[in-house]
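For reference, input_15.cif (mmCIF, C-alpha atoms (C1' of nucleotides)):
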```cif
data_coords
loop_
_atom_site.label_atom_id
_atom_site.label_comp_id
_atom_site.auth_asym_id
_atom_site.auth_seq_id
_atom_site.Cartn_x
_atom_site.Cartn_y
_atom_site.Cartn_z
CA MET A 1 17.57 19.13 -37.29
CA HIS A 2 13.88 19.08 -38.06
CA GLU A 3 15.00 16.41 -40.46
CA LYS A 4 14.54 13.82 -37.72
CA LEU A 5 10.91 14.88 -37.46
CA ARG A 6 10.44 14.45 -41.19
CA GLN A 7 11.83 10.94 -41.17
CA HIS A 8 9.65 10.14 -38.21
CA ILE A 9 6.45 11.37 -39.86
CA GLU A 10 7.30 9.76 -43.17
CA LYS A 11 7.29 6.36 -41.51
CA ILE A 12 3.53 6.83 -41.54
CA VAL A 13 2.67 9.35 -44.29
CA PRO A 14 4.86 10.49 -47.20
CA LEU A 15 5.42 14.23 -47.49
CA THR A 16 6.30 16.71 -50.19
CA ASP A 17 8.89 19.37 -49.44
CA ASP A 18 6.17 22.00 -49.28
CA GLU A 19 4.16 19.97 -46.85
CA PHE A 20 7.12 19.45 -44.60
CA ALA A 21 7.95 23.15 -44.72
CA PHE A 22 4.40 23.83 -43.56
CA ILE A 23 4.74 21.30 -40.75
CA SER A 24 8.16 22.49 -39.72
CA ALA A 25 6.89 26.03 -39.27
CA HIS A 26 4.70 24.86 -36.40
CA PHE A 27 7.57 23.62 -34.26
CA THR A 28 10.23 25.39 -32.26
CA THR A 29 13.42 23.87 -30.88
CA LYS A 30 14.46 23.81 -27.25
CA LYS A 31 17.34 22.34 -25.32
CA PHE A 32 17.33 21.26 -21.70
CA LYS A 33 20.01 20.09 -19.32
CA LYS A 34 19.89 16.95 -17.21
CA HIS A 35 17.73 17.52 -14.09
CA GLN A 36 15.81 20.37 -15.70
CA PHE A 37 12.04 20.31 -15.53
CA MET A 38 10.18 20.75 -18.79
CA ILE A 39 6.83 20.58 -16.99
CA GLN A 40 6.17 20.95 -13.27
CA GLU A 41 2.97 20.12 -11.41
CA GLY A 42 0.67 23.12 -11.48
CA ASP A 43 2.16 24.59 -14.64
CA THR A 44 0.03 25.37 -17.63
CA VAL A 45 1.25 23.01 -20.30
CA ARG A 46 2.11 25.04 -23.38
CA TYR A 47 3.63 22.31 -25.51
CA CYS A 48 3.69 18.73 -26.48
CA TYR A 49 7.21 17.63 -27.26
CA PHE A 50 8.91 15.52 -29.88
CA VAL A 51 12.19 14.20 -28.50
CA ILE A 52 15.14 14.67 -30.87
CA SER A 53 17.72 13.35 -28.44
CA GLY A 54 17.99 12.68 -24.74
CA LEU A 55 15.75 11.00 -22.21
CA LEU A 56 12.80 12.15 -20.09
CA LYS A 57 10.70 10.85 -17.25
CA LEU A 58 7.01 11.62 -16.87
CA VAL A 59 6.18 11.53 -13.17
CA HIS A 60 3.08 11.57 -11.02
CA THR A 61 3.52 12.45 -7.37
CA ASP A 62 0.93 10.94 -5.01
CA LYS A 63 -0.66 12.61 -1.97
CA GLY A 64 2.08 11.18 0.22
CA GLY A 65 4.69 12.90 -1.92
CA LYS A 66 6.00 9.67 -3.39
CA PRO A 67 6.91 9.93 -7.09
CA HIS A 68 5.77 7.34 -9.63
CA ILE A 69 7.11 7.06 -13.15
CA VAL A 70 4.25 7.13 -15.62
CA SER A 71 6.55 6.73 -18.59
CA PHE A 72 9.96 7.35 -20.04
CA ALA A 73 10.44 9.18 -23.33
CA MET A 74 13.44 8.75 -25.56
CA GLU A 75 14.44 9.69 -29.10
CA ASP A 76 11.51 9.79 -31.54
CA TRP A 77 8.92 9.77 -28.78
CA TRP A 78 6.15 12.30 -28.25
CA GLU A 79 5.57 13.33 -24.67
CA SER A 80 3.69 15.79 -22.51
CA ASP A 81 1.15 15.92 -19.74
CA TYR A 82 -1.41 15.28 -22.45
CA TYR A 83 -4.46 15.70 -20.31
CA ALA A 84 -3.34 19.14 -19.21
CA PHE A 85 -2.16 19.92 -22.73
CA PHE A 86 -5.41 19.01 -24.48
CA THR A 87 -7.74 20.46 -21.89
CA GLN A 88 -5.51 23.46 -21.12
CA THR A 89 -5.68 22.78 -17.41
CA GLU A 90 -2.95 22.70 -14.79
CA ALA A 91 -0.37 19.95 -15.02
CA THR A 92 -0.79 17.03 -12.63
CA LEU A 93 2.36 15.40 -13.97
CA SER A 94 5.93 16.59 -14.19
CA LEU A 95 8.34 16.05 -17.06
CA GLU A 96 12.01 16.02 -16.16
CA CYS A 97 15.23 15.42 -18.09
CA LEU A 98 17.28 12.37 -17.19
CA GLU A 99 19.87 13.42 -19.76
CA ASP A 100 20.63 16.57 -21.73
CA THR A 101 17.71 16.69 -24.12
CA GLU A 102 16.72 18.40 -27.33
CA VAL A 103 13.06 18.63 -28.31
CA LEU A 104 10.71 20.12 -30.84
CA CYS A 105 7.81 22.00 -29.25
CA CYS A 106 4.26 22.27 -30.54
CA THR A 107 1.52 24.34 -28.93
CA LEU A 108 -2.08 23.16 -28.88
CA GLU A 109 -2.92 25.93 -31.31
CA ASP A 110 -0.26 24.69 -33.71
CA TYR A 111 -1.34 21.11 -33.18
CA ASN A 112 -4.83 22.08 -34.27
CA LYS A 113 -3.56 24.12 -37.20
CA LEU A 114 -1.54 21.13 -38.34
CA CYS A 115 -4.56 18.85 -38.09
CA ASN A 116 -6.87 21.23 -39.89
CA GLY A 117 -4.35 22.46 -42.44
CA LEU A 118 -2.99 19.13 -43.54
CA GLN A 119 -5.10 16.01 -43.57
CA LYS A 120 -1.97 13.89 -43.65
CA MET A 121 -0.88 15.35 -40.36
CA GLN A 122 -4.20 14.61 -38.71
CA ARG A 123 -3.83 11.09 -40.03
CA PHE A 124 -0.35 10.92 -38.55
CA PHE A 125 -1.55 12.04 -35.13
CA LEU A 126 -4.44 9.59 -35.33
CA GLU A 127 -2.03 6.72 -35.92
CA LYS A 128 0.18 7.92 -33.09
CA ALA A 129 -2.77 8.20 -30.74
CA ASN A 130 -4.07 4.76 -31.66
CA PHE A 131 -0.72 3.14 -31.09
CA GLY A 132 -0.21 5.12 -27.92
CA PHE A 133 -3.47 3.72 -26.66
CA LEU A 134 -2.45 0.21 -27.65
CA GLY A 135 0.84 0.63 -25.81
CA SER A 136 -0.93 1.63 -22.63
CA GLN A 137 -3.38 -1.22 -22.99
CA ARG A 138 -0.49 -3.59 -23.44
CA ARG A 139 1.05 -2.32 -20.23
CA ILE A 140 -2.23 -2.82 -18.39
CA ILE A 141 -2.45 -6.38 -19.69
CA SER A 142 1.14 -7.00 -18.67
CA TRP A 143 0.29 -5.83 -15.18
CA LEU A 144 -2.87 -7.96 -14.98
CA THR A 145 -1.23 -11.15 -16.18
CA SER A 146 2.39 -11.03 -15.02
CA ASN A 147 4.27 -10.83 -11.76
CA SER A 148 7.00 -8.30 -11.05
CA LYS A 149 9.82 -10.42 -12.36
CA GLU A 150 8.08 -11.13 -15.64
CA ARG A 151 7.16 -7.48 -16.11
CA TYR A 152 10.78 -6.57 -15.46
CA GLU A 153 12.00 -9.04 -18.05
CA GLN A 154 9.46 -7.82 -20.59
CA LEU A 155 10.68 -4.25 -20.05
CA ILE A 156 14.38 -4.97 -20.54
CA LYS A 157 13.53 -7.05 -23.57
CA GLN A 158 11.49 -4.20 -25.05
CA TYR A 159 13.89 -1.39 -24.14
CA PRO A 160 17.31 -2.90 -23.44
CA SER A 161 19.04 0.50 -23.62
CA LEU A 162 16.97 1.79 -20.71
CA MET A 163 18.98 -0.31 -18.24
CA GLN A 164 22.18 1.44 -19.22
CA ARG A 165 20.65 4.90 -19.15
CA VAL A 166 18.63 5.12 -15.93
CA PRO A 167 19.15 4.01 -12.32
CA LYS A 168 17.27 0.90 -11.31
CA SER A 169 15.26 2.78 -8.75
CA LEU A 170 13.49 4.52 -11.64
CA ILE A 171 12.86 1.22 -13.39
CA ALA A 172 11.35 0.00 -10.13
CA SER A 173 9.13 3.05 -9.94
CA TYR A 174 7.94 2.47 -13.50
CA LEU A 175 7.15 -1.16 -12.74
CA GLY A 176 5.37 -0.27 -9.51
CA VAL A 177 7.66 -2.13 -7.12
CA SER A 178 10.15 -0.95 -4.52
CA ARG A 179 13.79 -0.64 -5.51
CA GLU A 180 14.67 -3.33 -2.94
CA THR A 181 12.26 -5.78 -4.55
CA LEU A 182 13.61 -5.05 -8.00
CA SER A 183 17.11 -5.62 -6.72
CA ARG A 184 16.10 -9.08 -5.53
CA LEU A 185 14.38 -10.02 -8.79
CA SER A 186 17.56 -10.36 -10.79
CA ALA A 187 18.59 -13.33 -8.64
CA MET B 1 -31.21 3.67 -34.25
CA HIS B 2 -28.12 5.09 -35.88
CA GLU B 3 -29.46 8.24 -34.26
CA LYS B 4 -27.51 7.34 -31.10
CA LEU B 5 -24.34 7.34 -33.16
CA ARG B 6 -25.13 10.77 -34.53
CA GLN B 7 -25.67 12.25 -31.09
CA HIS B 8 -22.47 10.61 -29.95
CA ILE B 9 -20.39 12.04 -32.81
CA GLU B 10 -21.99 15.46 -32.54
CA LYS B 11 -20.71 15.79 -29.01
CA ILE B 12 -17.38 16.34 -30.73
CA VAL B 13 -18.07 17.54 -34.28
CA PRO B 14 -21.34 18.96 -35.69
CA LEU B 15 -22.72 17.19 -38.74
CA THR B 16 -24.99 18.02 -41.63
CA ASP B 17 -27.65 15.50 -42.64
CA ASP B 18 -25.66 14.62 -45.73
CA GLU B 19 -22.55 14.03 -43.73
CA PHE B 20 -24.36 11.79 -41.31
CA ALA B 21 -25.92 9.85 -44.16
CA PHE B 22 -22.42 9.26 -45.50
CA ILE B 23 -21.21 8.12 -42.10
CA SER B 24 -24.22 5.95 -41.46
CA ALA B 25 -23.65 4.05 -44.68
CA HIS B 26 -20.39 2.68 -43.28
CA PHE B 27 -21.98 0.92 -40.33
CA THR B 28 -24.08 -2.20 -40.01
CA THR B 29 -26.19 -3.25 -37.05
CA LYS B 30 -25.83 -6.46 -35.12
CA LYS B 31 -27.48 -7.93 -32.06
CA PHE B 32 -25.97 -10.41 -29.65
CA LYS B 33 -27.32 -12.36 -26.71
CA LYS B 34 -25.81 -12.52 -23.26
CA HIS B 35 -22.87 -14.97 -23.19
CA GLN B 36 -22.31 -14.66 -26.92
CA PHE B 37 -18.78 -14.00 -28.15
CA MET B 38 -18.33 -11.11 -30.53
CA ILE B 39 -14.61 -11.84 -30.81
CA GLN B 40 -12.77 -15.00 -29.82
CA GLU B 41 -9.04 -15.48 -29.46
CA GLY B 42 -7.59 -16.47 -32.82
CA ASP B 43 -10.37 -14.87 -34.85
CA THR B 44 -9.63 -12.34 -37.50
CA VAL B 45 -11.20 -9.15 -36.21
CA ARG B 46 -13.48 -7.77 -38.88
CA TYR B 47 -15.05 -4.91 -36.95
CA CYS B 48 -14.70 -2.31 -34.34
CA TYR B 49 -17.95 -1.82 -32.50
CA PHE B 50 -19.98 1.08 -31.24
CA VAL B 51 -22.22 -0.08 -28.39
CA ILE B 52 -25.84 1.06 -28.74
CA SER B 53 -27.05 -0.85 -25.70
CA GLY B 54 -25.87 -3.66 -23.48
CA LEU B 55 -22.58 -4.47 -21.81
CA LEU B 56 -19.39 -6.22 -22.94
CA LYS B 57 -16.19 -7.49 -21.41
CA LEU B 58 -12.86 -7.44 -23.20
CA VAL B 59 -10.76 -10.32 -21.87
CA HIS B 60 -7.20 -11.49 -22.10
CA THR B 61 -6.49 -15.10 -21.15
CA ASP B 62 -3.00 -15.79 -19.82
CA LYS B 63 -0.83 -18.85 -20.52
CA GLY B 64 -2.26 -20.53 -17.43
CA GLY B 65 -5.76 -20.12 -18.84
CA LYS B 66 -6.79 -17.54 -16.30
CA PRO B 67 -8.97 -14.77 -17.73
CA HIS B 68 -8.28 -11.09 -17.02
CA ILE B 69 -10.68 -8.29 -17.78
CA VAL B 70 -8.95 -5.65 -19.88
CA SER B 71 -12.02 -3.44 -19.98
CA PHE B 72 -15.76 -3.25 -19.89
CA ALA B 73 -17.74 -1.52 -22.63
CA MET B 74 -21.16 -0.05 -22.14
CA GLU B 75 -23.53 2.23 -24.06
CA ASP B 76 -21.74 4.80 -26.21
CA TRP B 77 -18.39 3.06 -25.97
CA TRP B 78 -16.23 1.90 -28.84
CA GLU B 79 -14.65 -1.49 -28.40
CA SER B 80 -12.68 -4.14 -30.21
CA ASP B 81 -9.42 -6.00 -30.07
CA TYR B 82 -7.91 -2.89 -31.58
CA TYR B 83 -4.46 -4.27 -32.11
CA ALA B 84 -5.82 -7.15 -34.13
CA PHE B 85 -8.29 -4.84 -35.84
CA PHE B 86 -5.76 -2.24 -36.96
CA THR B 87 -3.02 -4.67 -37.91
CA GLN B 88 -5.41 -7.29 -39.31
CA THR B 89 -3.82 -10.01 -37.25
CA GLU B 90 -5.36 -12.74 -35.12
CA ALA B 91 -7.22 -11.68 -32.00
CA THR B 92 -5.40 -12.13 -28.71
CA LEU B 93 -8.40 -10.83 -26.79
CA SER B 94 -11.97 -11.98 -26.62
CA LEU B 95 -15.06 -9.80 -26.52
CA GLU B 96 -18.08 -11.30 -24.82
CA CYS B 97 -21.57 -10.04 -23.99
CA LEU B 98 -22.49 -9.70 -20.33
CA GLU B 99 -25.98 -8.59 -21.37
CA ASP B 100 -28.02 -8.69 -24.56
CA THR B 101 -26.23 -6.15 -26.69
CA GLU B 102 -26.80 -4.12 -29.82
CA VAL B 103 -23.86 -2.67 -31.72
CA LEU B 104 -22.92 -0.81 -34.87
CA CYS B 105 -20.12 -2.49 -36.78
CA CYS B 106 -17.38 -0.81 -38.80
CA THR B 107 -14.74 -2.65 -40.82
CA LEU B 108 -11.19 -1.35 -41.08
CA GLU B 109 -11.86 -0.53 -44.73
CA ASP B 110 -14.88 1.54 -43.76
CA TYR B 111 -12.95 3.13 -40.92
CA ASN B 112 -10.35 4.29 -43.41
CA LYS B 113 -12.97 5.44 -45.88
CA LEU B 114 -14.59 7.49 -43.16
CA CYS B 115 -11.28 9.07 -42.20
CA ASN B 116 -10.30 9.85 -45.77
CA GLY B 117 -13.75 10.83 -46.97
CA LEU B 118 -14.70 13.16 -44.17
CA GLN B 119 -12.13 15.21 -42.31
CA LYS B 120 -14.57 15.70 -39.45
CA MET B 121 -14.69 11.96 -38.91
CA GLN B 122 -10.94 11.64 -38.77
CA ARG B 123 -11.01 14.45 -36.26
CA PHE B 124 -13.62 12.57 -34.27
CA PHE B 125 -11.56 9.39 -34.21
CA LEU B 126 -8.49 11.40 -33.24
CA GLU B 127 -10.29 12.86 -30.24
CA LYS B 128 -11.55 9.41 -29.29
CA ALA B 129 -8.09 7.91 -29.57
CA ASN B 130 -6.52 10.70 -27.54
CA PHE B 131 -9.05 10.34 -24.76
CA GLY B 132 -8.81 6.57 -24.91
CA PHE B 133 -5.09 6.90 -24.36
CA LEU B 134 -5.65 9.31 -21.47
CA GLY B 135 -8.10 6.86 -19.90
CA SER B 136 -5.55 4.07 -20.03
CA GLN B 137 -2.85 6.32 -18.66
CA ARG B 138 -5.16 7.29 -15.84
CA ARG B 139 -5.69 3.65 -15.03
CA ILE B 140 -1.94 3.03 -14.99
CA ILE B 141 -1.46 5.97 -12.63
CA SER B 142 -4.25 4.67 -10.42
CA TRP B 143 -2.49 1.34 -10.26
CA LEU B 144 0.91 2.91 -9.49
CA THR B 145 -0.37 5.18 -6.75
CA SER B 146 -3.26 3.38 -5.08
CA ASN B 147 -3.87 0.15 -3.22
CA SER B 148 -6.66 -2.29 -4.08
CA LYS B 149 -9.22 -0.69 -1.84
CA GLU B 150 -8.62 2.78 -3.24
CA ARG B 151 -8.74 1.52 -6.82
CA TYR B 152 -12.00 -0.24 -6.04
CA GLU B 153 -13.49 2.93 -4.60
CA GLN B 154 -12.34 4.96 -7.59
CA LEU B 155 -14.00 2.47 -9.90
CA ILE B 156 -17.39 2.46 -8.20
CA LYS B 157 -17.24 6.24 -8.04
CA GLN B 158 -16.53 6.46 -11.76
CA TYR B 159 -18.99 3.78 -12.88
CA PRO B 160 -21.55 3.23 -10.12
CA SER B 161 -23.89 1.31 -12.42
CA LEU B 162 -21.26 -1.33 -13.01
CA MET B 163 -21.77 -2.76 -9.53
CA GLN B 164 -25.40 -3.51 -10.27
CA ARG B 165 -24.70 -4.97 -13.68
CA VAL B 166 -21.77 -7.35 -13.23
CA PRO B 167 -20.73 -9.92 -10.58
CA LYS B 168 -18.01 -8.81 -8.23
CA SER B 169 -15.67 -11.49 -9.47
CA LEU B 170 -15.44 -9.57 -12.75
CA ILE B 171 -14.78 -6.31 -10.95
CA ALA B 172 -12.00 -8.10 -9.11
CA SER B 173 -10.55 -9.35 -12.37
CA TYR B 174 -10.61 -5.83 -13.80
CA LEU B 175 -8.85 -4.47 -10.71
CA GLY B 176 -6.29 -7.25 -10.75
CA VAL B 177 -7.14 -8.78 -7.37
CA SER B 178 -8.72 -12.08 -6.37
CA ARG B 179 -12.45 -12.17 -5.78
CA GLU B 180 -11.80 -13.12 -2.15
CA THR B 181 -9.66 -10.05 -1.60
CA LEU B 182 -12.27 -7.81 -3.19
CA SER B 183 -14.90 -9.34 -0.97
CA ARG B 184 -12.85 -8.41 2.09
CA LEU B 185 -12.21 -4.84 0.93
CA SER B 186 -15.75 -3.62 1.57
CA ALA B 187 -15.27 -4.15 5.28
"C1'" DT C 1 -41.24 -27.70 -8.23
"C1'" DT C 2 -36.36 -29.86 -7.83
"C1'" DA C 3 -31.84 -29.83 -9.24
"C1'" DT C 4 -27.73 -27.39 -10.51
"C1'" DA C 5 -24.77 -23.70 -11.05
"C1'" DT C 6 -23.40 -19.04 -9.75
"C1'" DT C 7 -22.31 -15.70 -6.49
"C1'" DC C 8 -20.55 -14.18 -2.32
"C1'" DG C 9 -18.53 -14.25 2.09
"C1'" DT C 10 -15.03 -15.97 5.48
"C1'" DG C 11 -11.37 -18.72 7.85
"C1'" DA C 12 -6.59 -20.72 7.55
"C1'" DT C 13 -2.24 -20.61 5.57
"C1'" DG C 14 1.60 -19.53 2.41
"C1'" DT C 15 3.95 -16.16 -0.41
"C1'" DA C 16 5.28 -11.87 -2.49
"C1'" DT C 17 6.32 -7.49 -1.53
"C1'" DG C 18 6.88 -3.17 1.33
"C1'" DT C 19 9.47 -0.99 4.87
"C1'" DC C 20 13.32 -0.13 7.87
"C1'" DA C 21 18.09 -0.61 8.48
"C1'" DA C 22 22.85 -1.39 7.56
"C1'" DG C 23 26.70 -1.57 4.65
"C1'" DT C 24 29.47 -1.55 0.09
"C1'" DC C 25 30.82 0.50 -4.03
"C1'" DC C 26 31.59 4.25 -6.96
"C1'" DG C 27 31.95 8.90 -8.97
"C1'" DG C 28 32.10 13.90 -8.36
"C1'" DA C 29 33.45 17.88 -5.74
"C1'" DT C 30 36.72 20.21 -2.98
"C1'" DA D 1 43.75 12.38 -1.65
"C1'" DT D 2 39.61 13.00 1.11
"C1'" DC D 3 34.95 13.61 1.67
"C1'" DC D 4 30.27 13.08 0.42
"C1'" DG D 5 26.15 11.58 -1.75
"C1'" DG D 6 23.89 8.48 -4.95
"C1'" DA D 7 23.26 3.66 -6.50
"C1'" DC D 8 22.82 -0.85 -5.27
"C1'" DT D 9 22.50 -4.93 -2.37
"C1'" DT D 10 21.09 -7.68 1.54
"C1'" DG D 11 18.89 -8.92 6.03
"C1'" DA D 12 14.91 -8.75 9.31
"C1'" DC D 13 10.34 -8.06 9.97
"C1'" DA D 14 5.48 -6.56 8.94
"C1'" DT D 15 1.72 -6.57 5.79
"C1'" DA D 16 -1.17 -7.21 1.80
"C1'" DC D 17 -2.67 -10.48 -1.00
"C1'" DA D 18 -3.30 -15.24 -3.31
"C1'" DT D 19 -4.83 -19.61 -2.69
"C1'" DC D 20 -7.47 -23.39 -0.86
"C1'" DA D 21 -11.43 -24.82 1.49
"C1'" DC D 22 -16.06 -24.59 3.01
"C1'" DG D 23 -20.76 -23.07 3.42
"C1'" DA D 24 -24.83 -20.08 2.61
"C1'" DA D 25 -27.70 -17.50 -0.34
"C1'" DT D 26 -29.35 -16.69 -4.82
"C1'" DA D 27 -30.22 -17.33 -9.54
"C1'" DT D 28 -30.97 -20.44 -13.53
"C1'" DA D 29 -32.44 -24.50 -15.84
"C1'" DA D 30 -34.86 -28.95 -16.32
#
```
What would the structure in this file look like if it were written as structure tokens?
Amino acid sequence: MHEKLRQHIEKIVPLTDDEFAFISAHFTTKKFKKHQFMIQEGDTVRYCYFVISGLLKLVHTDKGGKPHIVSFAMEDWWESDYYAFFTQTEATLSLECLEDTEVLCCTLEDYNKLCNGLQKMQRFFLEKANFGFLGSQRRIISWLTSNSKERYEQLIKQYPSLMQRVPKSLIASYLGVSRETLSRLSA
Amino acid sequence: MHEKLRQHIEKIVPLTDDEFAFISAHFTTKKFKKHQFMIQEGDTVRYCYFVISGLLKLVHTDKGGKPHIVSFAMEDWWESDYYAFFTQTEATLSLECLEDTEVLCCTLEDYNKLCNGLQKMQRFFLEKANFGFLGSQRRIISWLTSNSKERYEQLIKQYPSLMQRVPKSLIASYLGVSRETLSRLSA
DNA sequence: TTATATTCGTGATGTATGTCAAGTCCGGAT
DNA sequence: ATCCGGACTTGACATACATCACGAATATAA
């Protein structure tokens, strides 16, 4: 089942069997049920996660108690409260399962061992980080240049499956509009 | 003058003189005047830039021709149209000087040579990429959870000098509001 | 200097969106 | 089958913001 991880990494750097065995040793498997929290606000964040199957939402709750979806994470995505993970501080985000989910877990210590022990792996994480940054920048640009309807259409074009898998109120939260407004956009 | 680069890198990884000499050899210096374009839409993006001094704006122009500020870049920042830089495709962003500016330039080839030739440097870029991602994510959260006035206050708190260095219309563009609205927020 | 552009504020008005409220539809639990 | 709660839509109204217009102050250039 770590095989999915291997395929994922080999999209960026080829691996020998020995190398993958080394990598694999730094991950553990966990399963979560729908509605379970993988990270809750205030937790110490032990892991970053590679999603084997399932679907997650990364959520920030504002002072007024209103939740906002920072991102979704589906198969082949890496997710965590990365700020808390990297700085080993308390989580300000929560990570919750929208479906039954299976993940591979990597501690910060193992993340660093992977980077230091295998140059290819550091290269892999560098690529991931760069493209993660570009994805966020793209979302910022989308927000600066497009109205709600256009952003909605861009989202369903980019992730068509999302519409079938999550309620529209969560899509609305991700886009930063109310669920009522989103409902009216389709017209 | 590459000395600023050394100090900057050594905030993350310590370097020997030999190592820094190796690094230094992969950068060239350039100077630009206020209003000069370092990157224009449609250009091939030869470099990513480390800002020694001065101030830049990274801009996306929408279909209607309206410019939107994706980010500012000041001393000690790295900037480019990274998507175009990494994928060697045409720039969709422009990079323009708001002040006379001095930068160190690094081609993608040199970037890769640095990563492959010196593990410390790959580690450095990994840290930069991770924190760049976290910065963008923070901005997205700020947008999801705060109104214009709050986002404005967060910005001046985070970068007080920006207010003295750029016209408010650019701040407005960065925040995604009209200059008139920004003008009324102070009240 | 004078001329010209840039910056900034402010009023009037239209529009997009949030909020509150009601009601329908549907699936899960008992 | 009945009940209940979540998902979604739609209307009414309030509000934040964009846009257009104008003028004053300031900077920049000839």
Open item on the list: Show me, as a PyMOL selection string, every residue of chain C with an atom at most 12 Å from chain A, counting only C-alpha atoms (C1' of nucleotides).
Closed with: chain C and resi 16-20
Kindly determine which residues of chain B lie within 7 Å of chain A, considering all atoms listed in the file, and give the answer as a compact mmCIF listing (two decimals) with C-alpha atoms, in the coordinates of the input.
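Written output follows (iface.txt):
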```
# COMPACT_ATOMS: atom_id res chain seq x y z
CA ASP B 62 -3.00 -15.79 -19.82
CA HIS B 68 -8.28 -11.09 -17.02
CA VAL B 70 -8.95 -5.65 -19.88
CA TYR B 83 -4.46 -4.27 -32.11
CA LEU B 126 -8.49 11.40 -33.24
CA ALA B 129 -8.09 7.91 -29.57
CA ASN B 130 -6.52 10.70 -27.54
CA GLY B 132 -8.81 6.57 -24.91
CA PHE B 133 -5.09 6.90 -24.36
CA LEU B 134 -5.65 9.31 -21.47
CA SER B 136 -5.55 4.07 -20.03
CA GLN B 137 -2.85 6.32 -18.66
CA ILE B 140 -1.94 3.03 -14.99
CA ILE B 141 -1.46 5.97 -12.63
CA LEU B 144 0.91 2.91 -9.49
CA THR B 145 -0.37 5.18 -6.75
CA GLY B 176 -6.29 -7.25 -10.75
```
TODO: Using only C-alpha atoms (C1' of nucleotides), select each residue of chain D with any atom at most 12 Å away from an atom of chain B, and give the selection as JSON, numbers by chain.
DONE: {"D": [16, 17, 18, 19, 20]}
Compile the contact shell of C:DT24 as a CSV table (one decimal) with C-alpha atoms (C1' of nucleotides), keeping the file's coordinate frame: residues with an atom at most 12 Å away, counting all atoms listed in the file, same-chain residues fewer than 2 positions apart removed.
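What ended up in selection.csv:
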```csv
chain,number,residue,atom,x,y,z
C,22,DA,C1',22.8,-1.4,7.6
C,26,DC,C1',31.6,4.2,-7.0
D,7,DA,C1',23.3,3.7,-6.5
D,8,DC,C1',22.8,-0.8,-5.3
D,9,DT,C1',22.5,-4.9,-2.4
D,10,DT,C1',21.1,-7.7,1.5
```
Open item on the list: Quick check, in Å to one decimal: how far apart do atom CA of B:Leu15 and atom CA of B:Lys113 lie?
Closed with: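 So the answer is 16.9 Å.
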TODO: Kindly give the distance, in Å, that separates atom CA of B:Thr29 and atom CA of B:Glu102, rounded to a single decimal.
DONE: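 Between these atoms lies a distance of 7.3 Å.
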TODO: Would you be able to write out as a list in words which residues have an atom within 12 Å of (-15.4, -26.8, 2.3) in the file's coordinates, counting all atoms listed in the file?
DONE: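 I get DT10, DG11 and DA12 of chain C; DC20, DA21, DC22, DG23 and DA24 of chain D for the residues within 12 Å of that point.
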Task: Residues within 8 Å of (5.4, 13.8, -24.8), counting all atoms listed in the file, listed as an MDAnalysis selection string - done: chainID A and resid 48:51 73 77:82
- [ ] Just give me the gap between atom CA of B:Ser161 and atom CA of B:His35 in Å, one decimal is fine.
- [x]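 Distance between the two atoms: 19.5 Å.
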What's the 7 Å shell around B:Glu96, counting all atoms listed in the file, without same-chain residues fewer than 6 positions away, as an mmCIF file with C-alpha atoms, in the coordinates of the input?
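Saved result, result_26.cif, follows:
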```
data_model
loop_
_atom_site.group_PDB
_atom_site.id
_atom_site.type_symbol
_atom_site.label_atom_id
_atom_site.label_comp_id
_atom_site.auth_asym_id
_atom_site.auth_seq_id
_atom_site.Cartn_x
_atom_site.Cartn_y
_atom_site.Cartn_z
ATOM 1 C CA HIS B 35 -22.870 -14.970 -23.190
ATOM 2 C CA GLN B 36 -22.310 -14.660 -26.920
ATOM 3 C CA PHE B 37 -18.780 -14.000 -28.150
ATOM 4 C CA MET B 38 -18.330 -11.110 -30.530
ATOM 5 C CA ILE B 39 -14.610 -11.840 -30.810
ATOM 6 C CA LEU B 56 -19.390 -6.220 -22.940
ATOM 7 C CA LYS B 57 -16.190 -7.490 -21.410
ATOM 8 C CA LEU B 58 -12.860 -7.440 -23.200
#
```
- [ ] Could you check which of B:Leu5, B:Leu55, B:Leu162, B:Leu170 is closest to B:Glu99, using all atoms listed in the file?
- [x] B:Leu55
Could I get stretch 8-13 of chain B rebuilt with N, CA and C atoms, written as a PDB file, in the frame of the given file?
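The result, stored in rebuild20.pdb:
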```
ATOM      1  N   HIS B   8     -23.789  10.883 -30.530  1.00  0.00           N
ATOM      2  CA  HIS B   8     -22.470  10.610 -29.950  1.00  0.00           C
ATOM      3  C   HIS B   8     -21.372  11.384 -30.695  1.00  0.00           C
ATOM      4  N   ILE B   9     -21.420  11.354 -32.014  1.00  0.00           N
ATOM      5  CA  ILE B   9     -20.390  12.040 -32.810  1.00  0.00           C
ATOM      6  C   ILE B   9     -20.530  13.557 -32.653  1.00  0.00           C
ATOM      7  N   GLU B  10     -21.774  14.005 -32.598  1.00  0.00           N
ATOM      8  CA  GLU B  10     -21.990  15.460 -32.540  1.00  0.00           C
ATOM      9  C   GLU B  10     -21.593  16.073 -31.193  1.00  0.00           C
ATOM     10  N   LYS B  11     -21.305  15.231 -30.225  1.00  0.00           N
ATOM     11  CA  LYS B  11     -20.710  15.790 -29.010  1.00  0.00           C
ATOM     12  C   LYS B  11     -19.323  16.354 -29.303  1.00  0.00           C
ATOM     13  N   ILE B  12     -18.736  15.901 -30.395  1.00  0.00           N
ATOM     14  CA  ILE B  12     -17.380  16.340 -30.730  1.00  0.00           C
ATOM     15  C   ILE B  12     -17.334  17.186 -31.993  1.00  0.00           C
ATOM     16  N   VAL B  13     -18.033  16.732 -33.042  1.00  0.00           N
ATOM     17  CA  VAL B  13     -18.070  17.540 -34.280  1.00  0.00           C
ATOM     18  C   VAL B  13     -19.514  17.626 -34.787  1.00  0.00           C
TER      19      VAL B  13
END
```
